[in-house]
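> Next comes the structure file run-v8.tsv, holding TSV, C-alpha atoms and all ligand atoms.
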```
chain	number	residue	atom	x	y	z
Z	398	MET	CA	12.15	4.24	5.81
Z	399	PHE	CA	8.48	3.92	6.46
Z	400	ILE	CA	5.68	4.69	3.99
Z	401	ILE	CA	2.15	4.95	5.31
Z	402	GLY	CA	-0.63	4.98	2.73
Z	403	LEU	CA	-4.01	6.45	3.59
Z	404	ASP	CA	-6.26	5.46	0.73
Z	405	GLY	CA	-8.51	8.37	-0.25
Z	406	ALA	CA	-7.24	10.85	2.40
Z	407	THR	CA	-7.78	14.50	1.54
Z	408	TRP	CA	-6.75	17.90	2.93
Z	409	ASP	CA	-10.38	18.89	2.46
Z	410	ILE	CA	-11.25	16.90	5.56
Z	411	ILE	CA	-7.96	17.16	7.45
Z	412	LYS	CA	-7.49	20.93	7.30
Z	413	PRO	CA	-10.99	22.12	8.32
Z	414	ASN	CA	-11.01	19.56	11.15
Z	415	ILE	CA	-7.42	20.02	12.26
Z	416	ASP	CA	-8.35	20.81	15.86
Z	417	LYS	CA	-9.93	17.37	16.15
Z	418	LEU	CA	-6.80	15.75	14.68
Z	419	PRO	CA	-3.95	16.47	17.11
Z	420	THR	CA	-1.45	14.17	15.42
Z	421	PHE	CA	-1.97	15.70	12.00
Z	422	LYS	CA	-1.86	19.15	13.59
Z	423	LYS	CA	1.50	18.40	15.14
Z	424	ILE	CA	3.15	16.69	12.19
Z	425	LEU	CA	1.89	19.25	9.69
Z	426	SER	CA	3.48	22.00	11.75
Z	427	GLN	CA	6.78	20.12	11.94
Z	428	HIS	CA	7.23	18.47	8.55
Z	429	ASP	CA	6.96	19.11	4.83
Z	430	ASN	CA	3.49	18.60	3.46
Z	431	TYR	CA	2.01	19.22	0.07
Z	432	THR	CA	-0.61	18.21	-2.47
Z	433	ILE	CA	0.02	15.65	-5.20
Z	434	SER	CA	-2.19	16.72	-8.13
Z	435	LEU	CA	-2.60	13.55	-10.14
Z	436	GLN	CA	-2.15	13.59	-13.86
Z	437	GLN	CA	-3.48	10.04	-14.00
Z	438	LYS	CA	-6.98	8.82	-13.21
Z	439	PRO	CA	-7.62	8.98	-9.43
Z	440	TRP	CA	-8.20	5.27	-9.25
Z	441	SER	CA	-6.76	3.18	-6.42
Z	442	ALA	CA	-5.73	0.06	-8.33
Z	443	SER	CA	-3.86	1.99	-10.94
Z	444	VAL	CA	-2.35	4.71	-8.71
Z	445	TRP	CA	-0.94	2.37	-6.05
Z	446	CYS	CA	0.42	0.25	-8.87
Z	447	SER	CA	2.18	3.28	-10.38
Z	448	MET	CA	3.56	4.37	-7.02
Z	449	PHE	CA	5.33	1.14	-6.34
Z	450	SER	CA	6.21	0.06	-9.89
Z	451	GLY	CA	7.27	3.44	-11.30
Z	452	LYS	CA	5.12	2.82	-14.34
Z	453	LEU	CA	2.34	4.96	-15.77
Z	454	PRO	CA	-1.10	3.34	-16.26
Z	455	GLU	CA	-0.49	2.85	-19.98
Z	456	GLU	CA	2.75	1.06	-19.13
Z	457	HIS	CA	1.62	-1.20	-16.29
Z	458	ASN	CA	-1.81	-1.65	-17.87
Z	459	HIS	CA	-3.36	-2.54	-14.53
Z	460	LEU	CA	-6.38	-0.30	-14.58
Z	461	ASP	CA	-8.88	-2.00	-12.33
Z	462	PHE	CA	-9.45	-4.53	-9.58
Z	463	VAL	CA	-11.41	-6.65	-12.04
Z	464	LYS	CA	-10.55	-7.16	-15.67
Z	465	ASP	CA	-12.69	-9.11	-18.12
Z	466	GLY	CA	-14.74	-10.40	-15.22
Z	467	GLU	CA	-11.71	-11.76	-13.36
Z	468	VAL	CA	-10.58	-10.45	-9.98
Z	469	GLN	CA	-6.98	-9.50	-10.64
Z	470	THR	CA	-4.13	-10.98	-8.59
Z	471	ARG	CA	-0.45	-10.11	-8.22
Z	472	ASN	CA	0.47	-12.40	-11.10
Z	473	ASP	CA	-1.86	-10.58	-13.47
Z	474	VAL	CA	0.13	-7.39	-12.98
Z	475	LYS	CA	3.20	-7.74	-15.16
Z	476	VAL	CA	5.61	-5.45	-13.36
Z	477	ASP	CA	8.42	-5.57	-10.85
Z	478	PHE	CA	7.48	-3.69	-7.73
Z	479	ILE	CA	9.89	-1.83	-5.51
Z	480	TRP	CA	9.83	-4.73	-3.01
Z	481	ASP	CA	10.84	-7.22	-5.72
Z	482	ILE	CA	13.74	-5.02	-6.76
Z	483	LEU	CA	14.97	-4.24	-3.24
Z	484	SER	CA	14.80	-7.92	-2.32
Z	485	ARG	CA	16.97	-8.82	-5.29
Z	486	ASN	CA	19.46	-6.33	-3.93
Z	487	ASN	CA	19.37	-7.80	-0.43
Z	488	ILE	CA	17.57	-4.85	1.07
Z	489	SER	CA	14.97	-5.95	3.56
Z	490	VAL	CA	11.46	-4.85	2.73
Z	491	LYS	CA	7.92	-5.60	3.82
Z	492	ALA	CA	4.67	-4.42	2.30
Z	493	LEU	CA	1.35	-4.64	4.14
Z	494	ASN	CA	-2.13	-4.35	2.65
Z	495	ILE	CA	-1.25	-2.59	-0.62
Z	496	PRO	CA	-4.60	-2.04	-2.39
Z	497	PHE	CA	-3.63	-2.26	-6.05
Z	498	ILE	CA	-5.52	-5.56	-5.92
Z	499	VAL	CA	-8.25	-6.94	-3.64
Z	500	PRO	CA	-7.68	-8.41	-1.19
Z	501	PRO	CA	-4.71	-6.02	-0.87
Z	502	TYR	CA	-1.23	-7.40	-1.45
Z	503	ASN	CA	1.26	-8.38	1.25
Z	504	TYR	CA	4.96	-8.99	0.78
Z	505	ASN	CA	7.06	-10.82	3.38
Z	506	ILE	CA	4.28	-10.50	5.90
Z	507	TYR	CA	1.08	-12.38	6.59
Z	508	PHE	CA	-2.12	-10.44	7.02
Z	509	ASN	CA	-5.69	-11.61	6.84
Z	510	PRO	CA	-7.65	-8.44	6.09
Z	511	PRO	CA	-11.13	-7.96	7.54
Z	512	GLY	CA	-14.01	-7.98	5.05
Z	513	TYR	CA	-11.99	-9.86	2.42
Z	514	GLY	CA	-9.90	-6.74	1.96
Z	515	VAL	CA	-12.94	-4.57	1.22
Z	516	PRO	CA	-14.02	-3.51	4.72
Z	517	LEU	CA	-17.53	-2.04	4.64
Z	518	THR	CA	-19.16	-2.41	8.05
Z	519	GLN	CA	-18.15	-0.30	11.04
Z	520	GLU	CA	-16.72	-3.39	12.66
Z	521	GLU	CA	-14.61	-4.34	9.66
Z	522	LEU	CA	-13.36	-0.79	9.22
Z	523	ASN	CA	-12.40	-0.52	12.89
Z	524	THR	CA	-10.72	-3.90	12.78
Z	525	GLU	CA	-8.69	-2.91	9.75
Z	526	ILE	CA	-7.35	0.19	11.46
Z	527	THR	CA	-6.53	-1.62	14.70
Z	528	GLU	CA	-4.97	-4.67	13.10
Z	529	ILE	CA	-2.82	-2.78	10.66
Z	530	THR	CA	-1.59	-0.51	13.42
Z	531	ASN	CA	-0.78	-3.48	15.66
Z	532	LYS	CA	0.98	-5.25	12.82
Z	533	ILE	CA	3.08	-2.17	12.09
Z	534	VAL	CA	4.06	-1.81	15.74
Z	535	SER	CA	5.01	-5.48	16.02
Z	536	VAL	CA	6.99	-5.58	12.76
Z	537	THR	CA	8.94	-2.44	13.52
Z	538	GLY	CA	9.63	-3.86	16.97
Z	539	ASP	CA	11.27	-7.20	16.23
Z	540	SER	CA	12.88	-7.16	12.80
Z	541	LYS	CA	12.50	-3.77	11.30
Z	542	PRO	CA	12.99	-3.86	7.53
Z	543	GLU	CA	14.85	-1.08	5.75
Z	544	LEU	CA	11.68	-0.24	3.88
Z	545	PHE	CA	8.24	-0.84	5.30
Z	546	ILE	CA	5.09	0.11	3.39
Z	547	ALA	CA	1.61	-0.18	4.90
Z	548	VAL	CA	-1.73	1.08	3.63
Z	549	TYR	CA	-5.01	1.73	5.44
Z	550	THR	CA	-8.01	1.48	3.09
Z	551	ALA	CA	-10.74	2.50	5.56
Z	552	LEU	CA	-10.93	6.20	4.65
Z	553	ASP	CA	-11.62	5.39	1.00
Z	554	LYS	CA	-14.53	3.09	1.82
Z	555	MET	CA	-15.94	5.49	4.43
Z	556	SER	CA	-15.68	8.41	2.03
Z	557	HIS	CA	-17.65	6.64	-0.66
Z	558	LEU	CA	-20.47	5.82	1.70
Z	559	HIS	CA	-20.43	8.68	4.21
Z	560	TRP	CA	-18.94	11.70	2.49
Z	561	GLY	CA	-20.21	14.88	4.17
Z	562	GLY	CA	-21.24	13.00	7.33
Z	563	GLU	CA	-19.88	13.30	10.85
Z	564	SER	CA	-19.07	9.57	10.89
Z	565	LEU	CA	-16.36	10.16	8.30
Z	566	ILE	CA	-14.67	12.65	10.65
Z	567	ASP	CA	-14.74	9.95	13.34
Z	568	TYR	CA	-12.69	7.75	11.04
Z	569	TYR	CA	-10.18	10.52	10.40
Z	570	ILE	CA	-9.89	10.76	14.20
Z	571	LYS	CA	-9.22	7.00	14.38
Z	572	ILE	CA	-6.58	7.32	11.68
Z	573	ASP	CA	-5.09	10.30	13.51
Z	574	LYS	CA	-4.71	8.13	16.62
Z	575	ALA	CA	-3.18	5.33	14.56
Z	576	VAL	CA	-0.68	7.71	12.97
Z	577	ASN	CA	0.24	8.90	16.46
Z	578	LYS	CA	1.22	5.33	17.38
Z	579	ILE	CA	3.39	4.74	14.34
Z	580	PHE	CA	4.83	8.08	13.21
Z	581	GLU	CA	7.78	7.99	15.60
Z	582	LEU	CA	8.73	4.41	14.73
Z	583	ASP	CA	11.12	5.57	12.02
Z	584	GLU	CA	13.37	8.54	11.31
Z	585	LYS	CA	12.08	8.78	7.77
Z	586	VAL	CA	8.33	8.65	7.25
Z	587	LEU	CA	6.24	9.42	4.18
Z	588	ILE	CA	2.46	9.59	4.51
Z	589	LEU	CA	0.58	9.51	1.20
Z	590	SER	CA	-2.84	9.15	-0.29
Z	591	ASP	CA	-3.58	7.84	-3.77
Z	592	HIS	CA	-6.30	10.42	-4.51
Z	593	GLY	CA	-8.59	12.72	-2.59
Z	594	PHE	CA	-12.35	12.92	-2.32
Z	595	THR	CA	-15.02	15.45	-3.02
Z	596	ASP	CA	-18.80	15.80	-3.22
Z	597	TYR	CA	-20.03	13.41	-5.81
Z	598	ASP	CA	-21.50	16.22	-7.87
Z	599	LYS	CA	-18.37	18.38	-7.66
Z	600	ALA	CA	-15.85	15.78	-8.81
Z	601	PRO	CA	-14.03	17.05	-11.91
Z	602	VAL	CA	-14.44	13.59	-13.37
Z	603	GLN	CA	-17.17	11.30	-12.03
Z	604	THR	CA	-15.45	7.97	-11.62
Z	605	LEU	CA	-18.44	6.01	-10.31
Z	606	PRO	CA	-22.19	5.98	-10.95
Z	607	LYS	CA	-24.15	7.85	-8.27
Z	608	ILE	CA	-26.42	4.96	-7.37
Z	609	THR	CA	-24.51	1.71	-7.21
Z	610	SER	CA	-25.87	-1.41	-8.81
Z	611	THR	CA	-26.74	-2.63	-5.30
Z	612	GLY	CA	-28.78	0.50	-4.63
Z	613	ASN	CA	-26.42	2.42	-2.33
Z	614	GLU	CA	-26.18	6.10	-3.00
Z	615	LEU	CA	-22.58	7.22	-3.28
Z	616	LYS	CA	-22.02	10.59	-1.65
Z	617	GLY	CA	-18.38	11.09	-2.44
Z	618	ASP	CA	-16.23	10.56	-5.48
Z	619	HIS	CA	-12.50	10.53	-6.11
Z	620	HIS	CA	-10.66	13.81	-6.56
Z	621	PRO	CA	-7.24	14.09	-8.24
Z	622	ASP	CA	-5.65	15.95	-5.30
Z	623	ALA	CA	-3.84	13.54	-2.99
Z	624	ILE	CA	-1.89	14.34	0.19
Z	625	ALA	CA	1.77	13.97	1.17
Z	626	ILE	CA	3.48	14.51	4.52
Z	627	ALA	CA	7.22	13.92	4.51
Z	628	LYS	CA	9.54	13.53	7.50
Z	629	ASN	CA	13.18	13.46	6.36
Z	630	ILE	CA	12.27	12.07	2.94
Z	631	PRO	CA	14.99	12.91	0.40
Z	632	PHE	CA	12.66	13.14	-2.59
Z	633	LYS	CA	9.52	15.00	-3.59
Z	634	VAL	CA	6.44	13.22	-4.94
Z	635	ASN	CA	4.94	15.25	-7.78
Z	636	GLN	CA	3.30	12.22	-9.35
Z	637	PRO	CA	2.78	8.65	-8.09
Z	638	ILE	CA	5.74	7.22	-10.03
Z	639	ASP	CA	8.06	9.56	-8.10
Z	640	VAL	CA	7.61	7.32	-5.06
Z	641	PHE	CA	9.21	4.41	-6.89
Z	642	ASN	CA	11.87	6.58	-8.53
Z	643	GLY	CA	12.73	8.25	-5.22
Z	644	LEU	CA	13.10	4.89	-3.49
Z	645	ILE	CA	15.26	3.49	-6.28
Z	646	SER	CA	17.70	6.36	-5.96
Z	647	TYR	CA	17.57	6.47	-2.15
Z	648	PHE	CA	18.46	2.79	-1.90
Z	649	ASN	CA	20.82	3.14	-4.84
Z	650	VAL	CA	19.55	0.11	-6.77
Z	651	LYS	CA	18.50	-0.58	-10.33
K	161	MET	CA	22.19	4.66	9.14
K	162	LYS	CA	21.80	1.59	11.32
K	163	ASN	CA	24.82	-0.24	12.71
K	164	GLU	CA	23.18	-3.42	13.98
K	165	LYS	CA	24.22	-6.60	12.22
K	166	ARG	CA	21.92	-7.39	9.31
K	167	TYR	CA	23.33	-10.71	8.10
K	168	THR	CA	24.14	-14.06	9.56
K	169	THR	CA	26.04	-17.06	8.18
K	170	ILE	CA	24.34	-20.25	7.04
K	171	SER	CA	26.31	-23.32	5.94
K	172	ILE	CA	25.53	-25.19	2.74
K	173	PRO	CA	27.40	-28.17	1.22
K	174	VAL	CA	30.41	-27.15	-0.92
K	175	GLN	CA	29.09	-29.10	-3.89
K	176	LEU	CA	25.79	-27.29	-3.78
K	177	ASN	CA	27.65	-24.01	-3.61
K	178	GLU	CA	29.56	-24.96	-6.78
K	179	LYS	CA	26.36	-25.92	-8.58
K	180	LEU	CA	24.78	-22.64	-7.61
K	181	LYS	CA	27.83	-20.73	-8.85
K	182	GLU	CA	27.38	-22.33	-12.26
K	183	LYS	CA	23.69	-21.62	-12.19
K	184	ILE	CA	24.10	-17.91	-11.61
K	185	SER	CA	26.93	-17.28	-14.04
K	186	GLY	CA	25.81	-14.84	-16.67
K	187	THR	CA	22.78	-13.77	-14.62
K	188	GLY	CA	22.24	-10.60	-12.64
K	189	PHE	CA	23.13	-12.35	-9.39
K	190	HIS	CA	26.61	-11.34	-8.33
K	191	SER	CA	27.01	-13.95	-5.61
K	192	VAL	CA	25.64	-17.28	-4.44
K	193	SER	CA	24.49	-15.52	-1.27
K	194	SER	CA	22.32	-13.03	-3.10
K	195	TYR	CA	20.83	-15.82	-5.21
K	196	VAL	CA	20.08	-17.98	-2.18
K	197	ILE	CA	18.49	-15.03	-0.38
K	198	TYR	CA	16.38	-14.31	-3.43
K	199	VAL	CA	15.17	-17.89	-3.74
K	200	LEU	CA	14.42	-18.21	-0.04
K	201	ARG	CA	12.48	-14.96	-0.03
K	202	GLN	CA	10.35	-16.22	-2.90
K	203	LEU	CA	9.68	-19.34	-0.92
K	204	VAL	CA	8.79	-17.44	2.21
K	205	SER	CA	6.50	-14.99	0.48
K	206	SER	CA	4.76	-17.69	-1.54
K	207	SER	CA	3.98	-19.60	1.62
K	208	TYR	CA	2.36	-16.41	2.90
K	209	GLU	CA	0.22	-16.49	-0.20
K	210	GLU	CA	-0.76	-20.10	0.33
K	211	LYS	CA	-1.71	-19.50	3.92
K	212	LYS	CA	-4.27	-17.08	2.71
K	213	GLY	CA	-6.04	-19.96	0.92
K	214	PHE	CA	-8.13	-17.75	-1.32
K	215	THR	CA	-11.00	-19.85	-2.65
K	216	LYS	CA	-13.50	-19.27	-5.44
K	217	GLU	CA	-16.06	-18.50	-2.77
K	218	ASP	CA	-13.84	-15.83	-1.27
K	219	GLU	CA	-13.44	-14.40	-4.72
K	220	LYS	CA	-17.21	-14.13	-5.06
K	221	ARG	CA	-17.38	-12.31	-1.72
K	222	VAL	CA	-14.77	-9.83	-2.90
K	223	ARG	CA	-16.76	-9.25	-6.05
K	224	ASP	CA	-19.98	-8.67	-4.09
K	225	ARG	CA	-18.21	-6.20	-1.86
K	226	LEU	CA	-16.74	-4.28	-4.74
K	227	LYS	CA	-20.22	-4.11	-6.22
K	228	ASN	CA	-21.40	-2.33	-3.09
K	229	LEU	CA	-19.05	0.52	-3.92
K	230	ASP	CA	-19.62	0.12	-7.62
K	231	TYR	CA	-15.99	-0.53	-8.12
K	232	LEU	CA	-17.33	-3.20	-10.40
Z	701	ZN	ZN	-8.06	4.83	-3.38
```
Mind turning this structure into structure tokens?


Amino acid sequence: MFIIGLDGATWDIIKPNIDKLPTFKKILSQHDNYTISLQQKPWSASVWCSMFSGKLPEEHNHLDFVKDGEVQTRNDVKVDFIWDILSRNNISVKALNIPFIVPPYNYNIYFNPPGYGVPLTQEELNTEITEITNKIVSVTGDSKPELFIAVYTALDKMSHLHWGGESLIDYYIKIDKAVNKIFELDEKVLILSDHGFTDYDKAPVQTLPKITSTGNELKGDHHPDAIAIAKNIPFKVNQPIDVFNGLISYFNVK
Amino acid sequence: MKNEKRYTTISIPVQLNEKLKEKISGTGFHSVSSYVIYVLRQLVSSSYEEKKGFTKEDEKRVRDRLKNLDYL
């Protein structure tokens, strides 16, 4: 099974631009797709953590990339993730660039993310997309694990800085091309985002200040509607923790 | 699902095997194999971590970048 995370991806960009996104157009017509309306804060660190630990924010208590002035690392997050549990049960698993921490977390795979895991420039964002795609293709080629999880963070960063702009659509087109390269690599594929995006002023809950402390104006803010596209996935994701719970029962482990 | 072979055999000294059997008794590991796989995976993934060589300076860069998005 293959899980592809698209941090910050939203139907609000995909659907109105579907004719520019041939891969999404095709897979949406062929496979289940739906909205995950988050009941937890639409916050990357905490949502990705819930997805792969099966714990709600108040249980995993990992609410932010930085806590008490310290950049959080894997060891600060006191949970077992799905990859820890599957490994204990001899099920092969790899996880690539999972952004519950920065730089994002890798399991059983080496990846040096561009921009220290927070890609901001065009070059870093492009590099992230290309390198993750190449890594996915090479891993699924030689020793394909039973579960492979990989997350692209570029759309989240682009949406913060360029929401409403044409350059954001260009990045959805790049992601569309990447998905085209990897979607057929497995029989079972789940594409997910951790939250959506909206106009800064229309966000039901403003999660970030409009002008950042470094003077950038943020144009987009997180929205609690995330996306899901499921090819032969035997479970439905109503909330982030359902990813973990679905995997636990699919692989029949405890 | 897939039929290709997923395991291979590795030899370890009999005495070590016995020691490991004692070590795992009463734990969640149901065989020496699963314990050995677990330990080796830890080793492999921690060497991935080390390779990354994340320094204090890198940490500062991460912080600065998060600031740009006001994630901080
Ligand atoms: Zn996010």

> Pick out the residues sitting within 12 Å of Asn487 of chain Z, and hand them over as a PyMOL selection string; count all atoms listed in the file, and ignore anything fewer than 3 positions along from it in its own chain.

(chain Z and resi 480-484+490+542-544+648-650) or (chain K and resi 166-167+189-191+193-201)

> One number please: atom CA of Lys464 of chain Z to atom CA of Ser443 of chain Z, in Å, one decimal.

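Taking atom CA of Lys464 of chain Z as the start and atom CA of Ser443 of chain Z as the end point, the length is 12.3 Å.
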
> Tell me, as number ranges by chain, which residues lie within 9 Å of Ile572 of chain Z, counting all atoms listed in the file; anything in the same chain fewer than 6 positions away does not count.

Z: 403, 418, 526, 549, 551-552

> Check the smallest atom-to-atom distance from each of Z:Phe478, Z:Trp408, Z:Phe399, Z:Phe508 to chain K using only C-alpha atoms, then report the winner.

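Answer, going by the shortest atom-to-atom distance: Z:Phe508.
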
> What residues have any atom no more than 7 Å from ligand ZN 701 (chain Z) when counting all atoms listed in the file, and can you list them as a list in words?

Asp404, Gly405, Trp440, Ser441, Asp553, Asp591 and His592 of chain Z

> Using all atoms listed in the file, determine which residues of chain Z fall within 10 Å of chain K; present them as a PyMOL selection string.

chain Z and resi 440+461-464+466-468+481+484-489+499-500+502-510+512-517+540+542-543+554+557-558+584+604-615

> Could you dump the residues just selected with C-alpha atoms as a tab-separated table (two decimals), in the frame of the given file?


```tsv
chain	number	residue	atom	x	y	z
Z	440	TRP	CA	-8.20	5.27	-9.25
Z	461	ASP	CA	-8.88	-2.00	-12.33
Z	462	PHE	CA	-9.45	-4.53	-9.58
Z	463	VAL	CA	-11.41	-6.65	-12.04
Z	464	LYS	CA	-10.55	-7.16	-15.67
Z	466	GLY	CA	-14.74	-10.40	-15.22
Z	467	GLU	CA	-11.71	-11.76	-13.36
Z	468	VAL	CA	-10.58	-10.45	-9.98
Z	481	ASP	CA	10.84	-7.22	-5.72
Z	484	SER	CA	14.80	-7.92	-2.32
Z	485	ARG	CA	16.97	-8.82	-5.29
Z	486	ASN	CA	19.46	-6.33	-3.93
Z	487	ASN	CA	19.37	-7.80	-0.43
Z	488	ILE	CA	17.57	-4.85	1.07
Z	489	SER	CA	14.97	-5.95	3.56
Z	499	VAL	CA	-8.25	-6.94	-3.64
Z	500	PRO	CA	-7.68	-8.41	-1.19
Z	502	TYR	CA	-1.23	-7.40	-1.45
Z	503	ASN	CA	1.26	-8.38	1.25
Z	504	TYR	CA	4.96	-8.99	0.78
Z	505	ASN	CA	7.06	-10.82	3.38
Z	506	ILE	CA	4.28	-10.50	5.90
Z	507	TYR	CA	1.08	-12.38	6.59
Z	508	PHE	CA	-2.12	-10.44	7.02
Z	509	ASN	CA	-5.69	-11.61	6.84
Z	510	PRO	CA	-7.65	-8.44	6.09
Z	512	GLY	CA	-14.01	-7.98	5.05
Z	513	TYR	CA	-11.99	-9.86	2.42
Z	514	GLY	CA	-9.90	-6.74	1.96
Z	515	VAL	CA	-12.94	-4.57	1.22
Z	516	PRO	CA	-14.02	-3.51	4.72
Z	517	LEU	CA	-17.53	-2.04	4.64
Z	540	SER	CA	12.88	-7.16	12.80
Z	542	PRO	CA	12.99	-3.86	7.53
Z	543	GLU	CA	14.85	-1.08	5.75
Z	554	LYS	CA	-14.53	3.09	1.82
Z	557	HIS	CA	-17.65	6.64	-0.66
Z	558	LEU	CA	-20.47	5.82	1.70
Z	584	GLU	CA	13.37	8.54	11.31
Z	604	THR	CA	-15.45	7.97	-11.62
Z	605	LEU	CA	-18.44	6.01	-10.31
Z	606	PRO	CA	-22.19	5.98	-10.95
Z	607	LYS	CA	-24.15	7.85	-8.27
Z	608	ILE	CA	-26.42	4.96	-7.37
Z	609	THR	CA	-24.51	1.71	-7.21
Z	610	SER	CA	-25.87	-1.41	-8.81
Z	611	THR	CA	-26.74	-2.63	-5.30
Z	612	GLY	CA	-28.78	0.50	-4.63
Z	613	ASN	CA	-26.42	2.42	-2.33
Z	614	GLU	CA	-26.18	6.10	-3.00
Z	615	LEU	CA	-22.58	7.22	-3.28
```

> Could you tell me which of Z:Pro454, Z:Pro501, Z:Pro511, Z:Gly561 comes closest to Asp409 of chain Z if we count all atoms listed in the file?

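Looking only at the distances to Asp409 of chain Z, the closest residue turns out to be Z:Gly561.
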
> To one decimal place in Å, what is the distance between atom CA of Thr215 of chain K and atom CA of Met448 of chain Z?

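Interatomic distance here is 28.6 Å.
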
> Is it possible to get the axis-aligned box enclosing segment 436-452 of chain Z (all listed atoms, 6 Å extra per side) as JSON, with centre and edge lengths in Å rounded to one decimal?


```
{"center_x": -0.5, "center_y": 6.8, "center_z": -10.2, "size_x": 27.5, "size_y": 25.5, "size_z": 20.3}
```

> Could you work out how far atom CA of Ile411 of chain Z lies from atom CA of Asn523 of chain Z, giving the answer in Å with one decimal?

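Atom CA of Ile411 of chain Z lies at a distance of 19.0 Å from atom CA of Asn523 of chain Z.
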